[in-house]
There are 2 protein chains.
Amino acid sequence: MNDRKIKILEAIINDYIRTAEPIGSRTIAKRYNFGISSATIRNEMSDLEDMGLIIQPHTSSGRVPSDLGYRLYVDSLMHHRPLTEDETISLQRMIMKHLDRDLMREIAKKIAYLTQYATIVSESAEPHAVIKYVQLMPIDDHSILIIVVTEIKSVKNKPLNLDDPPDYDTLAQLARLLNAALHNKTIKDIDKPLISALLAAFGPHAHLLIPILGVIEQALQADNQTYTSGVNNFLAFPEFADPAKVQSLLRTIEEGKILSAHLDEYGKVQITIGRENETPILQECSVVRTAFPIHGKRATIGIIGPTRMDYSQVVSVAHAVLTNLNAVLTALKK
Amino acid sequence: MNDRKIKILEAIINDYIRTAEPIGSRTIAKRYNFGISSATIRNEMSDLEDMGLIIQPHTSSGRVPSDLGYRLYVDSLMHHRPLTEDETISLQRMIMKHLDRDLMREIAKKIAYLTQYATIVSESAEPHAVIKYVQLMPIDDHSILIIVVTEIKSVKNKPLNLDDPPDYDTLAQLARLLNAALHNKTIKDIDKPLISALLAAFGPHAHLLIPILGVIEQALQADNQTYTSGVNNFLAFPEFADPAKVQSLLRTIEEGKILSAHLDEYGKVQITIGRENETPILQECSVVRTAFPIHGKRATIGIIGPTRMDYSQVVSVAHAVLTNLNAVLTALKK
DNA sequence: TGTTAGCACTCTGCCTTGTTGAGTGCTAAT
DNA sequence: ATTAGCACTCAACAAGGCAGAGTGCTAACA
């Protein structure tokens, strides 16, 4: 594996990412001034093919990078390509504007716009989320509001209609009981003995406990809000000319299967290329995934394109989102 | 316009909805036993074409319904086709299960599943929404929670970090001030004089007012949550074999332009066919729209397919959703 | 007068065939 | 080790030809 082979492989990958056409030896000889003839390149390409890094779709065509080729490129050849200043500013503005409203949706939009690939962003509860605080308060003569605060800034509430709701002070008393019992508990900690104890403590208001526990469960549950943007881009890729393929891909995306493979680490960017994906239709795609914590929840980003995706750009955009989010969040904490 | 023409038009529309292939006179003569020959049908078809109800894509092909033809069909010929019992039960279960969680998303899914057409469901604030109740409460030593209840069951809340938050009683006092000033007010009623008055009343806690008003504004704002399902179905329609067309359609759907034409009446089902739509790409589609009030908000449904869509089925499904929602909601009110 | 059989004509879709061009592998010369 | 040259392969495209579905028109018929 000499330096020349690397150069040729890079040339093939770069050109193929742009054109989606198999690259021939003559094309490389002309486009790049490596100072070697097409015949030499042919020989090197033959070697690269033996190594499994490139593939010949049919006997007399140019070469196309293989999954393994992309893997090598992604792991050691690829360059980082930072966003322009304008892009960065616009990204930061968007984050600040939507920090507590529609952030996931807007991130999906932004990434799809920047990369021109389909993007999924999903927000779900931390699996180890704990209850911070429960509050009950009267809304009007016939209803009360149940409020559950899980992690800092993550709040769930639900109104409850009652014929004869307890008064303010009674509700405060009940809330005190709940907080004493449930503070820093996870969903698993709420077991039968605990519920029995609470029922007893609630006394004449025991009937309130079930809806309250329901809201708590909802608040702790992973409810997996998912936002998608830019799926239309798939229709422009020649490798997805077959409508049946796109249809099955869109269905897979809609079902949210892309983000099911769980990332453990926050802030890392993970790439799965072609066959490395488990879902059949995704084996013709590459997925760039990353995750970050926000508002006590866990957000996951997935960017999906053909294996011929512009990894360098996509990874740069993903990093940009992570770092700028971080910057805004830490700036706010001060 | 005799009875026989109607029959023939219906035959053409029904067959074309199924097959997407132009229908010839011989086909009709064979498939339907109207007791007339293909030549007679040809004459009638020629008349129908003169009336603008059907179209001949090219000189020697069968006929295809025109937008006008579909309009006639939809307005006077179409039959209602009720859901099966199983479908109704499953629909009702879904509604009850998701009544206060992900209802819009699930409705979109359900309709897309039942009709096999792309479905958009969007939820937005009523333009005349009023403030019902504002509440402030402490979360912990460094933050308070702002809660705004707009219509019954529509609640918005936001935590606010503070160095030195007021205590429980002070907050209650401030909330009382807010409620006195804002009860049953709309966003437009919150003008400068009102804000000045509140600022004065808040005294040393005036700095809390701005974030509070921000949350109120957010609660009253139309935030237009939109859910989409079943877009992949478009790829199966032969009239959308052109990827560029589908791409532009998907983009239009993603941008949420489908529901921009506002329906005034709740509970009505409105159909726009082909050229009746304003958006260019939608002129090859038909859109079935309806709206209903829920949780004090306004929900809008849009079902999109080719002009050759199965109107009868789509309209029936739309009605089914409306009536079953109504049934569940009124049942709960008791 | 409305209906129908028959015929000539038209147009699309599909299949076949031939041609072009890009690309390869191999061999022999440098 | 590199390169020029050559024979070979294969996809993509265009051109031609055929089959089939469908029409409009005319003439015959009830």
# chains A, B, ... in the order shown; residues from 1 in each chain; ligands from 1
$ interface_residues --of "chain D" --to "chain B" --cutoff "8 Å" --atoms "only C-alpha atoms (C1' of nucleotides)" --output "mmCIF file with N, CA and C atoms (P, O5', C5', C4', C3', O3' and C1' of nucleotides), in the first residue's frame"
data_model
loop_
_atom_site.group_PDB
_atom_site.id
_atom_site.type_symbol
_atom_site.label_atom_id
_atom_site.label_comp_id
_atom_site.auth_asym_id
_atom_site.auth_seq_id
_atom_site.Cartn_x
_atom_site.Cartn_y
_atom_site.Cartn_z
ATOM 1 P P DA D 21 -54.584 -5.719 -26.932
ATOM 2 O "O5'" DA D 21 -55.118 -4.351 -26.357
ATOM 3 C "C5'" DA D 21 -54.179 -3.379 -25.860
ATOM 4 C "C4'" DA D 21 -54.655 -2.009 -26.254
ATOM 5 C "C3'" DA D 21 -56.176 -1.854 -26.228
ATOM 6 O "O3'" DA D 21 -56.508 -0.736 -25.423
ATOM 7 C "C1'" DA D 21 -55.279 -1.037 -28.264
ATOM 8 P P DG D 22 -58.022 -0.474 -25.097
ATOM 9 O "O5'" DG D 22 -58.380 0.671 -26.121
ATOM 10 C "C5'" DG D 22 -57.652 1.897 -26.035
ATOM 11 C "C4'" DG D 22 -57.954 2.697 -27.267
ATOM 12 C "C3'" DG D 22 -59.449 2.774 -27.583
ATOM 13 O "O3'" DG D 22 -59.973 4.057 -27.264
ATOM 14 C "C1'" DG D 22 -58.102 2.470 -29.531
ATOM 15 P P DT D 23 -61.505 4.366 -27.577
ATOM 16 O "O5'" DT D 23 -61.394 5.311 -28.853
ATOM 17 C "C5'" DT D 23 -60.425 6.338 -28.889
ATOM 18 C "C4'" DT D 23 -60.303 6.842 -30.307
ATOM 19 C "C3'" DT D 23 -61.637 7.236 -30.909
ATOM 20 O "O3'" DT D 23 -61.711 8.645 -31.060
ATOM 21 C "C1'" DT D 23 -60.373 5.833 -32.406
#
$ select_by_dssp --residues "range 97-319 of chain B" --states "strand (DSSP E or B)" --output "number ranges by chain"
B: 118-125, 133-140, 143-149, 155-161, 225-229, 269-273, 285-294, 297-306
$ calpha_fit_and_write --fixed "chain A" --moving "chain B" --output "CSV table (one decimal) with C-alpha atoms, in the first residue's frame"
chain,number,residue,atom,x,y,z
B,1,MET,CA,0.0,0.1,-0.1
B,2,ASN,CA,2.2,2.9,-1.4
B,3,ASP,CA,1.5,6.6,-1.4
B,4,ARG,CA,0.5,6.6,-5.0
B,5,LYS,CA,-2.3,4.0,-4.4
B,6,ILE,CA,-3.6,6.3,-1.7
B,7,LYS,CA,-3.7,9.2,-4.0
B,8,ILE,CA,-5.5,7.2,-6.7
B,9,LEU,CA,-8.0,5.9,-4.2
B,10,GLU,CA,-8.7,9.3,-3.0
B,11,ALA,CA,-9.1,10.6,-6.5
B,12,ILE,CA,-11.6,7.8,-7.3
B,13,ILE,CA,-13.6,8.4,-4.1
B,14,ASN,CA,-13.7,12.2,-4.6
B,15,ASP,CA,-14.7,12.0,-8.2
B,16,TYR,CA,-17.3,9.3,-7.5
B,17,ILE,CA,-18.8,11.3,-4.7
B,18,ARG,CA,-19.3,14.1,-7.1
B,19,THR,CA,-20.4,12.3,-10.2
B,20,ALA,CA,-21.8,8.9,-9.2
B,21,GLU,CA,-20.1,7.6,-12.4
B,22,PRO,CA,-17.5,4.9,-12.4
B,23,ILE,CA,-14.0,6.4,-12.7
B,24,GLY,CA,-11.6,5.2,-15.4
B,25,SER,CA,-7.8,5.3,-15.5
B,26,ARG,CA,-7.7,7.9,-18.3
B,27,THR,CA,-10.0,10.2,-16.4
B,28,ILE,CA,-7.7,10.2,-13.4
B,29,ALA,CA,-4.6,10.7,-15.6
B,30,LYS,CA,-6.2,13.7,-17.2
B,31,ARG,CA,-7.9,15.3,-14.2
B,32,TYR,CA,-5.1,14.9,-11.7
B,33,ASN,CA,-1.4,15.6,-12.6
B,34,PHE,CA,0.1,12.7,-10.8
B,35,GLY,CA,2.9,12.5,-13.4
B,36,ILE,CA,2.0,8.9,-14.3
B,37,SER,CA,0.2,7.5,-17.4
B,38,SER,CA,-3.2,5.9,-17.5
B,39,ALA,CA,-1.5,2.5,-18.0
B,40,THR,CA,0.3,2.8,-14.7
B,41,ILE,CA,-2.9,3.9,-13.0
B,42,ARG,CA,-4.6,0.9,-14.5
B,43,ASN,CA,-2.0,-1.3,-12.9
B,44,GLU,CA,-2.4,0.3,-9.5
B,45,MET,CA,-6.2,0.2,-9.8
B,46,SER,CA,-6.0,-3.5,-10.5
B,47,ASP,CA,-4.1,-3.8,-7.2
B,48,LEU,CA,-6.6,-1.7,-5.3
B,49,GLU,CA,-9.3,-3.9,-6.6
B,50,ASP,CA,-7.4,-7.0,-5.3
B,51,MET,CA,-7.3,-5.3,-2.0
B,52,GLY,CA,-11.1,-5.0,-2.0
B,53,LEU,CA,-11.0,-1.2,-1.9
B,54,ILE,CA,-12.6,-0.6,-5.3
B,55,ILE,CA,-15.0,-2.5,-7.5
B,56,GLN,CA,-15.7,-2.8,-11.2
B,57,PRO,CA,-19.4,-2.9,-11.8
B,58,HIS,CA,-18.8,-4.7,-15.1
B,59,THR,CA,-15.9,-5.9,-17.1
B,60,SER,CA,-15.2,-2.8,-19.2
B,61,SER,CA,-16.2,0.0,-16.9
B,62,GLY,CA,-14.3,2.3,-14.5
B,63,ARG,CA,-14.0,1.6,-10.8
B,64,VAL,CA,-16.3,2.5,-7.9
B,65,PRO,CA,-15.2,2.6,-4.3
B,66,SER,CA,-16.3,-0.4,-2.2
B,67,ASP,CA,-17.7,-0.1,1.4
B,68,LEU,CA,-14.2,-1.0,2.5
B,69,GLY,CA,-12.7,1.7,0.4
B,70,TYR,CA,-15.0,4.3,2.0
B,71,ARG,CA,-14.2,2.9,5.4
B,72,LEU,CA,-10.5,3.4,4.8
B,73,TYR,CA,-11.2,6.9,3.5
B,74,VAL,CA,-13.4,7.8,6.5
B,75,ASP,CA,-10.9,6.4,9.0
B,76,SER,CA,-7.7,7.9,7.8
B,77,LEU,CA,-7.9,9.9,4.6
B,78,MET,CA,-10.8,12.3,5.1
B,79,HIS,CA,-10.2,16.0,5.8
B,80,HIS,CA,-12.2,18.1,8.1
B,81,ARG,CA,-14.0,20.9,6.3
B,82,PRO,CA,-15.2,23.6,8.8
B,83,LEU,CA,-18.4,25.6,8.1
B,84,THR,CA,-18.1,29.1,6.7
B,85,GLU,CA,-18.5,32.0,9.1
B,86,ASP,CA,-22.0,32.7,7.8
B,87,GLU,CA,-23.1,29.2,8.3
B,88,THR,CA,-21.8,29.1,11.8
B,89,ILE,CA,-23.5,32.3,12.7
B,90,SER,CA,-26.8,31.2,11.2
B,91,LEU,CA,-26.5,27.9,13.1
B,92,GLN,CA,-25.9,29.6,16.4
B,93,ARG,CA,-28.8,32.0,15.9
B,94,MET,CA,-31.1,29.1,15.1
B,95,ILE,CA,-30.0,27.3,18.3
B,96,MET,CA,-30.6,30.3,20.5
B,97,LYS,CA,-33.9,31.1,18.9
B,98,HIS,CA,-35.2,27.6,19.3
B,99,LEU,CA,-33.5,26.5,22.4
B,100,ASP,CA,-36.8,25.8,24.2
B,101,ARG,CA,-39.1,25.4,21.3
B,102,ASP,CA,-38.9,23.1,18.3
B,103,LEU,CA,-35.2,22.7,18.6
B,104,MET,CA,-35.1,19.1,17.3
B,105,ARG,CA,-37.2,20.0,14.4
B,106,GLU,CA,-35.1,23.0,13.5
B,107,ILE,CA,-31.8,21.0,13.9
B,108,ALA,CA,-33.1,18.4,11.4
B,109,LYS,CA,-34.0,21.2,9.0
B,110,LYS,CA,-30.7,22.9,9.3
B,111,ILE,CA,-28.6,19.8,8.8
B,112,ALA,CA,-30.7,18.7,5.9
B,113,TYR,CA,-30.2,22.2,4.4
B,114,LEU,CA,-26.5,22.2,5.0
B,115,THR,CA,-25.7,18.7,3.8
B,116,GLN,CA,-28.5,18.1,1.4
B,117,TYR,CA,-29.0,14.7,2.9
B,118,ALA,CA,-32.0,13.2,4.7
B,119,THR,CA,-31.8,14.0,8.4
B,120,ILE,CA,-33.6,12.5,11.4
B,121,VAL,CA,-33.4,14.0,14.8
B,122,SER,CA,-35.0,12.3,17.7
B,123,GLU,CA,-35.5,13.2,21.4
B,124,SER,CA,-36.1,10.7,24.0
B,125,ALA,CA,-36.0,10.4,27.8
B,126,GLU,CA,-32.9,9.3,29.5
B,127,PRO,CA,-33.4,5.8,30.6
B,128,HIS,CA,-32.2,6.7,34.1
B,129,ALA,CA,-34.4,9.8,34.4
B,130,VAL,CA,-35.5,10.6,37.9
B,131,ILE,CA,-38.4,12.6,39.4
B,132,LYS,CA,-37.4,15.9,40.7
B,133,TYR,CA,-40.7,17.4,41.8
B,134,VAL,CA,-44.4,16.9,41.7
B,135,GLN,CA,-46.9,19.7,41.9
B,136,LEU,CA,-50.7,19.8,42.1
B,137,MET,CA,-52.7,23.0,41.6
B,138,PRO,CA,-56.3,24.0,41.0
B,139,ILE,CA,-57.2,25.4,37.6
B,140,ASP,CA,-60.8,26.1,38.2
B,141,ASP,CA,-63.8,24.7,40.0
B,142,HIS,CA,-63.8,21.5,38.1
B,143,SER,CA,-60.2,20.6,37.4
B,144,ILE,CA,-56.7,20.5,38.8
B,145,LEU,CA,-53.3,20.5,37.0
B,146,ILE,CA,-50.7,17.8,37.7
B,147,ILE,CA,-47.2,18.8,37.0
B,148,VAL,CA,-44.2,16.6,37.0
B,149,VAL,CA,-40.7,17.9,36.8
B,150,THR,CA,-38.2,15.1,35.9
B,151,GLU,CA,-34.7,16.5,35.2
B,152,ILE,CA,-34.0,20.2,35.3
B,153,LYS,CA,-36.1,21.8,32.6
B,154,SER,CA,-38.0,18.6,31.6
B,155,VAL,CA,-41.6,19.1,32.6
B,156,LYS,CA,-44.8,17.2,31.9
B,157,ASN,CA,-48.2,18.3,32.9
B,158,LYS,CA,-51.8,17.2,32.6
B,159,PRO,CA,-55.1,18.7,33.6
B,160,LEU,CA,-57.5,16.4,35.4
B,161,ASN,CA,-61.3,16.9,35.6
B,162,LEU,CA,-62.9,16.3,38.9
B,163,ASP,CA,-66.4,16.7,40.3
B,164,ASP,CA,-65.2,18.1,43.5
B,165,PRO,CA,-61.5,18.9,43.5
B,166,PRO,CA,-59.7,19.4,46.8
B,167,ASP,CA,-58.8,22.9,47.7
B,168,TYR,CA,-55.5,24.6,47.3
B,169,ASP,CA,-54.1,23.7,50.7
B,170,THR,CA,-55.1,20.0,50.5
B,171,LEU,CA,-53.5,19.8,47.1
B,172,ALA,CA,-50.3,21.3,48.5
B,173,GLN,CA,-50.4,18.8,51.3
B,174,LEU,CA,-50.8,15.9,48.9
B,175,ALA,CA,-48.0,17.3,46.8
B,176,ARG,CA,-45.7,17.4,49.8
B,177,LEU,CA,-46.5,13.7,50.4
B,178,LEU,CA,-45.7,12.9,46.8
B,179,ASN,CA,-42.4,14.7,46.9
B,180,ALA,CA,-41.3,13.1,50.1
B,181,ALA,CA,-41.9,9.7,48.6
B,182,LEU,CA,-40.8,10.2,45.0
B,183,HIS,CA,-37.9,12.7,45.0
B,184,ASN,CA,-35.0,11.3,42.9
B,185,LYS,CA,-36.8,8.1,42.2
B,186,THR,CA,-36.8,6.4,38.8
B,187,ILE,CA,-39.7,4.6,37.2
B,188,LYS,CA,-38.5,1.3,38.5
B,189,ASP,CA,-38.4,2.5,42.1
B,190,ILE,CA,-42.2,3.1,42.0
B,191,ASP,CA,-43.2,-0.4,43.1
B,192,LYS,CA,-46.2,-1.9,44.9
B,193,PRO,CA,-45.1,-1.2,48.5
B,194,LEU,CA,-44.5,2.4,47.6
B,195,ILE,CA,-47.8,2.8,45.9
B,196,SER,CA,-49.6,1.1,48.8
B,197,ALA,CA,-47.9,3.5,51.2
B,198,LEU,CA,-49.0,6.5,49.2
B,199,LEU,CA,-52.5,5.2,48.9
B,200,ALA,CA,-52.7,5.0,52.6
B,201,ALA,CA,-51.2,8.4,53.1
B,202,PHE,CA,-53.6,10.0,50.6
B,203,GLY,CA,-56.6,8.8,52.6
B,204,PRO,CA,-59.8,10.2,51.3
B,205,HIS,CA,-58.0,11.5,48.2
B,206,ALA,CA,-56.6,8.1,47.1
B,207,HIS,CA,-58.6,8.2,43.8
B,208,LEU,CA,-56.3,11.1,42.7
B,209,LEU,CA,-53.2,8.9,42.9
B,210,ILE,CA,-53.7,6.8,39.8
B,211,PRO,CA,-53.9,9.7,37.3
B,212,ILE,CA,-51.0,11.3,39.1
B,213,LEU,CA,-48.9,8.2,38.7
B,214,GLY,CA,-50.0,8.0,35.1
B,215,VAL,CA,-48.6,11.5,34.4
B,216,ILE,CA,-45.4,10.6,36.2
B,217,GLU,CA,-45.0,7.5,34.1
B,218,GLN,CA,-45.6,9.5,31.0
B,219,ALA,CA,-43.0,12.1,32.1
B,220,LEU,CA,-40.4,9.4,32.6
B,221,GLN,CA,-41.2,7.4,29.6
B,222,ALA,CA,-39.2,7.6,26.4
B,223,ASP,CA,-41.6,9.2,24.1
B,224,ASN,CA,-39.3,9.4,21.2
B,225,GLN,CA,-40.4,12.5,19.3
B,226,THR,CA,-38.8,12.2,15.9
B,227,TYR,CA,-38.3,14.9,13.3
B,228,THR,CA,-37.3,14.3,9.7
B,229,SER,CA,-36.2,16.7,7.0
B,230,GLY,CA,-34.8,16.5,3.5
B,231,VAL,CA,-35.9,13.1,2.5
B,232,ASN,CA,-36.8,14.5,-0.9
B,233,ASN,CA,-33.0,14.7,-1.5
B,234,PHE,CA,-32.9,10.9,-2.1
B,235,LEU,CA,-34.9,11.3,-5.2
B,236,ALA,CA,-32.1,13.2,-6.8
B,237,PHE,CA,-29.5,10.5,-6.4
B,238,PRO,CA,-29.1,8.3,-9.4
B,239,GLU,CA,-28.5,5.3,-7.2
B,240,PHE,CA,-32.0,5.7,-6.0
B,241,ALA,CA,-33.7,5.9,-9.4
B,242,ASP,CA,-35.7,2.9,-8.6
B,243,PRO,CA,-39.0,4.1,-7.0
B,244,ALA,CA,-39.4,0.8,-5.1
B,245,LYS,CA,-36.1,1.3,-3.4
B,246,VAL,CA,-36.9,4.8,-2.4
B,247,GLN,CA,-40.3,3.8,-1.2
B,248,SER,CA,-38.8,1.1,1.1
B,249,LEU,CA,-36.2,3.6,2.3
B,250,LEU,CA,-38.8,6.3,3.0
B,251,ARG,CA,-40.8,3.7,5.0
B,252,THR,CA,-37.7,2.7,6.9
B,253,ILE,CA,-37.1,6.3,7.7
B,254,GLU,CA,-40.7,7.0,8.7
B,255,GLU,CA,-40.6,4.1,11.1
B,256,GLY,CA,-37.7,5.7,12.8
B,257,LYS,CA,-35.5,2.5,12.5
B,258,ILE,CA,-32.5,4.6,11.6
B,259,LEU,CA,-31.8,5.7,15.2
B,260,SER,CA,-32.5,2.4,16.8
B,261,ALA,CA,-28.9,1.4,16.9
B,262,HIS,CA,-28.0,3.2,20.1
B,263,LEU,CA,-25.0,5.4,20.6
B,264,ASP,CA,-23.5,5.2,24.0
B,265,GLU,CA,-21.3,8.2,24.0
B,266,TYR,CA,-22.4,11.8,23.7
B,267,GLY,CA,-20.4,14.0,21.4
B,268,LYS,CA,-18.9,11.3,19.2
B,269,VAL,CA,-19.7,11.0,15.6
B,270,GLN,CA,-20.3,7.5,14.4
B,271,ILE,CA,-20.4,6.4,10.7
B,272,THR,CA,-21.8,3.2,9.4
B,273,ILE,CA,-21.2,2.4,5.7
B,274,GLY,CA,-23.3,0.3,3.4
B,275,ARG,CA,-23.2,-3.4,4.5
B,276,GLU,CA,-22.2,-2.3,8.0
B,277,ASN,CA,-25.8,-1.4,8.5
B,278,GLU,CA,-28.2,-4.1,9.6
B,279,THR,CA,-31.4,-3.0,8.0
B,280,PRO,CA,-31.5,-4.4,4.5
B,281,ILE,CA,-32.4,-1.2,2.6
B,282,LEU,CA,-29.8,0.8,4.6
B,283,GLN,CA,-27.1,-1.4,3.2
B,284,GLU,CA,-27.0,0.8,0.2
B,285,CYS,CA,-26.7,3.8,2.4
B,286,SER,CA,-24.4,5.3,4.9
B,287,VAL,CA,-25.6,6.8,8.1
B,288,VAL,CA,-23.8,9.4,10.2
B,289,ARG,CA,-25.0,9.4,13.8
B,290,THR,CA,-24.3,11.4,16.9
B,291,ALA,CA,-26.0,12.1,20.2
B,292,PHE,CA,-26.1,14.9,22.8
B,293,PRO,CA,-27.8,15.6,26.1
B,294,ILE,CA,-30.3,18.4,26.2
B,295,HIS,CA,-32.8,19.6,28.8
B,296,GLY,CA,-32.2,16.4,30.7
B,297,LYS,CA,-33.2,14.3,27.7
B,298,ARG,CA,-31.2,12.5,25.1
B,299,ALA,CA,-31.1,13.7,21.5
B,300,THR,CA,-29.9,11.6,18.6
B,301,ILE,CA,-29.1,12.8,15.1
B,302,GLY,CA,-28.9,10.6,12.0
B,303,ILE,CA,-27.9,11.8,8.6
B,304,ILE,CA,-28.6,9.4,5.8
B,305,GLY,CA,-27.3,9.3,2.2
B,306,PRO,CA,-26.0,7.0,-0.4
B,307,THR,CA,-22.7,5.3,0.5
B,308,ARG,CA,-21.3,7.8,-1.9
B,309,MET,CA,-22.1,10.5,0.6
B,310,ASP,CA,-19.9,13.5,1.2
B,311,TYR,CA,-18.5,12.2,4.5
B,312,SER,CA,-16.2,15.0,5.0
B,313,GLN,CA,-18.9,17.6,4.8
B,314,VAL,CA,-21.5,15.6,6.8
B,315,VAL,CA,-19.1,14.9,9.6
B,316,SER,CA,-18.1,18.5,9.7
B,317,VAL,CA,-21.7,19.6,9.9
B,318,ALA,CA,-22.4,17.1,12.7
B,319,HIS,CA,-19.4,18.4,14.7
B,320,ALA,CA,-20.5,21.9,14.1
B,321,VAL,CA,-23.9,21.3,15.5
B,322,LEU,CA,-22.5,19.5,18.5
B,323,THR,CA,-19.9,22.2,19.3
B,324,ASN,CA,-22.2,25.1,18.7
B,325,LEU,CA,-24.9,23.6,20.9
B,326,ASN,CA,-22.4,23.1,23.6
B,327,ALA,CA,-21.1,26.6,23.2
B,328,VAL,CA,-24.6,28.0,23.5
B,329,LEU,CA,-25.6,25.8,26.4
B,330,THR,CA,-22.5,26.5,28.5
B,331,ALA,CA,-22.7,30.2,27.7
B,332,LEU,CA,-26.3,30.2,29.1
B,333,LYS,CA,-25.3,28.3,32.3
B,334,LYS,CA,-23.2,31.2,33.4
$ select_by_dssp --residues "range 12-123 of chain B" --states "helix (DSSP H, G or I)" --output "PyMOL selection string"
chain B and resi 12-19+25-31+38-50+67-77+85-97+103-115
$ residues_around --residues "DG17 in chain D" --least-positions-apart "5" --cutoff "12 Å" --atoms "only C-alpha atoms (C1' of nucleotides)" --output "list in words"
DC14, DC15, DT16 and DT17 of chain C
$ write_last_selection --atoms "C-alpha atoms (C1' of nucleotides)" --output "CSV table (one decimal), in the first residue's frame"
chain,number,residue,atom,x,y,z
C,14,DC,C1',-41.7,-3.0,-26.8
C,15,DC,C1',-38.4,-5.7,-28.9
C,16,DT,C1',-34.4,-6.2,-31.8
C,17,DT,C1',-30.4,-4.7,-33.9
$ interface_residues --of "chain C" --to "chain B" --cutoff "12 Å" --atoms "only C-alpha atoms (C1' of nucleotides)" --output "list of chain:residue names"
C:DG2, C:DT3, C:DT4, C:DA5, C:DG6, C:DC9, C:DT10, C:DC11, C:DT12
$ atom_distance --atom1 "C1' of DT26 in chain D" --atom2 "C1' of DC7 in chain C"
9.0 Å
$ atom_distance --atom1 "C1' of DA11 in chain D" --atom2 "C1' of DT19 in chain C"
12.3 Å
